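All remarks here apply to the structure that follows.
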Amino acid sequence: MRVRALLAWINVDLRAIDYNIKQVKRLLKPATKLIAIVKSNAYGHGIFEVALQAIRSGVDMLGVVNASEALLLRKKGIIRPIVVMGAITKEEMLELVKEKVSFLVHSRRSFLDANSVALITRRRVLVHIKLETGINRMGFTFDEALQVIKAIKQRRHLTLEGIWTHLASVEELNKSYTKMQLFQFEKLLNRLSKNGVRINEIPYISTAASAAAMLVLESRYTAVRLGISMYGLWPSRGVAAWAKKDLRGKRRVTLKPALKYRTRLVATRRIPAGSYVGYGCSFQAPKAMTVGVVPVGYAEGIDRSLSNMGFMLLKGAVVSIVGRVCMNMTILDISRRPKSKPGDEVVIIGRSGGKEITATDFADWAGTINYEVVTRIPESIPRIYTK
């Protein structure tokens, strides 16, 4: 697809994905398994292409959020192990078992469904148990996890492939809460060992996502879930600050953002002082100015909260959003580049000249996080991949 024919597009640098995986990998022991989290269309980057690159870069497993994502990857020929990390129905379990996809068991209901599917299909059902240690979303209590794991070990067709928990506060650098959660997780592993469960035979024991993998050595266990950092984005500014240098002044980790988001001007006009711009007349021109329209709005991932307060880049200049962000259009003050014309490139996320807008900048202006910014870019925006 030719870029010149597009009005809005995403560039994804798969070389950056490879670089970021290797940056985190060098922090880990060689035997530590990597689970590449490609859920939600690979955080907006494109699930199939990112999955392929992650495999080329040596990850051991792919993590998705639902059965549809797992089955899509299988249909496209991905044979690497896949785990579904979100809630699924019994009917979806049946499909996943046929495709040799593992999934998370997080409640008594999901355990009973998995056991029923194993009895129906007479096939090996791979499950990961999630322990609730403090985020209070999905997962077994300590006693429930003990009972369920013992029950799995007694079932012929159920195989315990992993034990997980999810840390709530690593991105905020809250070590005390993290240590409490890790204590609960370690307590479960110790109890299981005393009850004859061979922990070393469970391949995916995991508590660490991107932030913990970098910051908390004791959280790494046998598998690390690599999400936001794989895409070259920091889990938080605190983690980014930690990565800058160690006690010897050497940078611990560097990341390369993989995604750039660009569009084009589709209209320009000169307006006199006092003119109103956009819905609700929320912006009034303080002086004569030139405005330009880009064909992206909140349906294309430009948060409406950026009305009158967000920015883009045009020919190396920072241009501000004026008026309210519309469903499919956004208006910019392009007075700093008044000779711009329809067809000229506008950068939403990425570089132009010596200036850069990152997904984190975008998130700060919108009062959210970089995860949300990239994930909410719709799949309808074409992705162009560099290998």
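In the structure tokens, the first chain shown is A, the next is B, and so on; residue numbers restart at 1 for each chain, and ligands run from 1 in the order shown.
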
Stretch 168-370 of chain A: residues DSSP assigns to helix (DSSP H, G or I), reported as a PyMOL selection string
chain A and resi 175-194+199-201+210-215+217-219+228-231+237-244+279-281+298-300+304-306+359-366+370

Can you pull out the residues contacting A:Ser107? Cut-off 12 Å, using only C-alpha atoms, and skip same-chain residues under 4 positions away; I want them as an mmCIF file with N, CA and C atoms, in the first residue's frame.
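Final output, selection.cif:
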data_model
loop_
_atom_site.group_PDB
_atom_site.id
_atom_site.type_symbol
_atom_site.label_atom_id
_atom_site.label_comp_id
_atom_site.auth_asym_id
_atom_site.auth_seq_id
_atom_site.Cartn_x
_atom_site.Cartn_y
_atom_site.Cartn_z
ATOM 1 N N GLY A 86 -7.642 -13.915 29.363
ATOM 2 C CA GLY A 86 -8.897 -13.343 29.809
ATOM 3 C C GLY A 86 -9.962 -14.407 30.046
ATOM 4 N N ALA A 87 -11.150 -13.941 30.370
ATOM 5 C CA ALA A 87 -12.272 -14.851 30.621
ATOM 6 C C ALA A 87 -12.772 -15.451 29.309
ATOM 7 N N ILE A 88 -13.129 -16.731 29.347
ATOM 8 C CA ILE A 88 -13.672 -17.410 28.174
ATOM 9 C C ILE A 88 -14.820 -18.314 28.597
ATOM 10 N N PHE A 111 -12.713 -23.631 36.395
ATOM 11 C CA PHE A 111 -12.088 -24.942 36.616
ATOM 12 C C PHE A 111 -13.048 -26.071 36.249
ATOM 13 N N LEU A 112 -14.286 -25.956 36.709
ATOM 14 C CA LEU A 112 -15.278 -26.988 36.400
ATOM 15 C C LEU A 112 -15.502 -27.094 34.893
ATOM 16 N N ASP A 113 -15.528 -25.955 34.209
ATOM 17 C CA ASP A 113 -15.695 -25.960 32.754
ATOM 18 C C ASP A 113 -14.508 -26.644 32.077
ATOM 19 N N ALA A 114 -13.305 -26.319 32.541
ATOM 20 C CA ALA A 114 -12.110 -26.931 31.957
ATOM 21 C C ALA A 114 -12.111 -28.440 32.168
ATOM 22 N N HIS A 128 -3.496 -22.626 33.055
ATOM 23 C CA HIS A 128 -2.675 -21.790 33.914
ATOM 24 C C HIS A 128 -3.564 -21.317 35.058
ATOM 25 N N ILE A 129 -3.085 -21.470 36.272
ATOM 26 C CA ILE A 129 -3.842 -21.062 37.456
ATOM 27 C C ILE A 129 -3.434 -19.650 37.853
ATOM 28 N N LYS A 130 -4.418 -18.813 38.115
ATOM 29 C CA LYS A 130 -4.118 -17.445 38.549
ATOM 30 C C LYS A 130 -4.444 -17.300 40.029
ATOM 31 N N LEU A 131 -3.436 -16.861 40.795
ATOM 32 C CA LEU A 131 -3.602 -16.614 42.228
ATOM 33 C C LEU A 131 -3.867 -15.138 42.453
ATOM 34 N N GLU A 132 -4.882 -14.828 43.224
ATOM 35 C CA GLU A 132 -5.176 -13.447 43.595
ATOM 36 C C GLU A 132 -4.333 -13.064 44.812
ATOM 37 N N ARG A 137 -8.890 -8.584 41.027
ATOM 38 C CA ARG A 137 -9.661 -8.666 39.784
ATOM 39 C C ARG A 137 -10.139 -10.100 39.606
ATOM 40 N N MET A 138 -9.286 -10.948 39.029
ATOM 41 C CA MET A 138 -9.621 -12.349 38.802
ATOM 42 C C MET A 138 -8.544 -13.214 39.418
ATOM 43 N N GLY A 139 -8.958 -14.322 40.004
ATOM 44 C CA GLY A 139 -7.961 -15.230 40.556
ATOM 45 C C GLY A 139 -8.468 -15.941 41.802
ATOM 46 N N PHE A 140 -7.804 -17.049 42.142
ATOM 47 C CA PHE A 140 -8.161 -17.847 43.307
ATOM 48 C C PHE A 140 -7.533 -17.266 44.567
ATOM 49 N N THR A 141 -8.221 -17.464 45.675
ATOM 50 C CA THR A 141 -7.590 -17.205 46.967
ATOM 51 C C THR A 141 -6.544 -18.292 47.203
ATOM 52 N N GLU A 144 -8.208 -21.702 47.811
ATOM 53 C CA GLU A 144 -8.843 -22.190 46.579
ATOM 54 C C GLU A 144 -7.789 -22.695 45.599
ATOM 55 N N ALA A 145 -6.691 -21.950 45.461
ATOM 56 C CA ALA A 145 -5.631 -22.353 44.531
ATOM 57 C C ALA A 145 -5.043 -23.696 44.921
ATOM 58 N N GLN A 147 -6.521 -26.148 46.541
ATOM 59 C CA GLN A 147 -7.501 -27.193 46.241
ATOM 60 C C GLN A 147 -7.569 -27.491 44.744
ATOM 61 N N VAL A 148 -7.603 -26.417 43.946
ATOM 62 C CA VAL A 148 -7.753 -26.597 42.495
ATOM 63 C C VAL A 148 -6.513 -27.252 41.896
ATOM 64 N N ILE A 149 -5.338 -26.827 42.334
ATOM 65 C CA ILE A 149 -4.107 -27.414 41.793
ATOM 66 C C ILE A 149 -4.005 -28.894 42.170
#

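Counting only C-alpha atoms, the residue from A:Val12, A:Leu215, A:Val197, A:Val117 that sits nearest to A:Gly232 is A:Val12.
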
Taking 5 positions as the minimum chain separation for residues in the same chain, which residues sit within 10 Å of A:Asp18 when counting only C-alpha atoms? Answer as a compact mmCIF listing (two decimals) with N, CA and C atoms, in the first residue's frame.
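Generated file (around_26.txt):
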# COMPACT_ATOMS: atom_id res chain seq x y z
N ASP A 13 7.75 -0.39 13.25
CA ASP A 13 9.11 -0.85 13.00
C ASP A 13 9.33 -2.16 13.76
N GLN A 23 16.57 -6.34 24.66
CA GLN A 23 16.99 -5.50 25.79
C GLN A 23 16.52 -6.09 27.11
N VAL A 50 3.22 -8.63 14.70
CA VAL A 50 4.02 -8.56 15.93
C VAL A 50 4.26 -9.96 16.48
N GLN A 53 7.07 -11.48 14.55
CA GLN A 53 8.36 -10.91 14.92
C GLN A 53 8.80 -11.41 16.29
N ALA A 54 7.87 -11.48 17.23
CA ALA A 54 8.21 -11.96 18.58
C ALA A 54 8.75 -13.38 18.52
N ILE A 55 8.16 -14.20 17.67
CA ILE A 55 8.64 -15.58 17.50
C ILE A 55 10.04 -15.58 16.90
N ARG A 56 10.23 -14.74 15.88
CA ARG A 56 11.57 -14.64 15.28
C ARG A 56 12.60 -14.17 16.30
N SER A 57 12.15 -13.37 17.26
CA SER A 57 13.05 -12.83 18.28
C SER A 57 13.25 -13.77 19.46
N GLY A 58 12.61 -14.94 19.40
CA GLY A 58 12.91 -15.99 20.36
C GLY A 58 12.00 -16.13 21.56
N MET A 230 7.85 -4.27 25.17
CA MET A 230 8.14 -4.87 23.87
C MET A 230 7.86 -3.88 22.74
N TYR A 231 6.95 -2.95 23.00
CA TYR A 231 6.57 -1.97 21.99
C TYR A 231 7.39 -0.68 22.10
N GLY A 232 8.37 -0.69 23.01
CA GLY A 232 9.25 0.47 23.14
C GLY A 232 8.70 1.57 24.01
N LYS A 256 13.13 1.29 22.08
CA LYS A 256 12.85 2.04 20.86
C LYS A 256 11.36 1.95 20.55
N ALA A 258 8.10 1.52 18.68
CA ALA A 258 7.90 0.84 17.40
C ALA A 258 6.86 1.52 16.53
N LYS A 387 10.71 -4.27 8.34
CA LYS A 387 11.34 -5.46 8.88
C LYS A 387 12.85 -5.27 8.93

Give me, as a Markdown table, each residue of stretch 244-345 of chain A that comes within 10 Å of stretch 375-380 of chain A, together with its shortest interatomic pair and the distance in Å at one decimal, counting only C-alpha atoms, with rows ordered by chain and rising residue number.
| residue | atom | partner | partner_atom | distance |
| --- | --- | --- | --- | --- |
| A:Tyr261 | CA | A:Ile377 | CA | 9.1 |
| A:Tyr298 | CA | A:Ile377 | CA | 9.3 |
| A:Ala299 | CA | A:Pro378 | CA | 7.6 |
| A:Glu300 | CA | A:Ile377 | CA | 5.8 |
| A:Gly301 | CA | A:Ile377 | CA | 4.7 |
| A:Ile302 | CA | A:Ile377 | CA | 8.2 |
| A:Asp303 | CA | A:Arg376 | CA | 9.2 |

Would you save the residues from that selection as a PDB file, in the first residue's frame, using C-alpha atoms?
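The file below, again04.pdb, is the result:
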ATOM      1  CA  TYR A 261       1.046   7.588  13.677  1.00  0.00           C
ATOM      2  CA  TYR A 298     -11.950  10.368  18.456  1.00  0.00           C
ATOM      3  CA  ALA A 299     -13.055   7.429  16.273  1.00  0.00           C
ATOM      4  CA  GLU A 300      -9.422   7.214  15.127  1.00  0.00           C
ATOM      5  CA  GLY A 301      -7.968   7.380  18.638  1.00  0.00           C
ATOM      6  CA  ILE A 302      -7.573  11.158  19.098  1.00  0.00           C
ATOM      7  CA  ASP A 303      -8.921  11.529  22.620  1.00  0.00           C
TER       8      ASP A 303
END

Could you name the residues that touch A:Ile35 at 8 Å or less, counting only C-alpha atoms, but leaving out those on the same chain fewer than 5 positions away, as a ChimeraX atom specification?
/A:59-63,223-226

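Taking atom CA of A:Leu314 and atom CA of A:Leu259 as endpoints, the distance between them is 17.9 Å.
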
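Atom pair atom CA of A:Ala168 / atom CA of A:Ile135: separated by 5.2 Å.
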
Among listed residues A:Met309, A:Val83, A:Val374, A:Leu255, nearest A:Ser282 (using only C-alpha atoms)
A:Met309

Minimum-distance residue to A:Tyr204, chosen among A:Ala5, A:Val253, A:Pro81, A:Met327 (using only C-alpha atoms):
A:Pro81

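If you measure from each of A:Ser116, A:Asn41, A:Thr32, A:Val125 to A:Leu104 using only C-alpha atoms, the closest one turns out to be A:Val125.
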
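Of the listed residues A:Lys33, A:Arg304, A:Arg26, A:Arg156, the one whose atoms come nearest to A:Phe362 is A:Arg304, with distances taken using only C-alpha atoms.
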
Near-A:Tyr371 list (12 Å; only C-alpha atoms; drop same-chain fewer than 6 positions) as a list of chain:residue names
A:Lys39, A:Ser40, A:Ala42, A:Tyr43, A:Gly44, A:His45, A:Gly227, A:Ile228, A:Ser229, A:Met230, A:Tyr231, A:Gly232, A:Leu233, A:Trp234, A:Pro235, A:Ser236, A:Thr358, A:Ala359, A:Thr360, A:Asp361, A:Phe362, A:Ala363, A:Asp364, A:Ile377

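If you look at atom CA of A:Thr89 and atom CA of A:Arg109, they are 9.9 Å away from each other.
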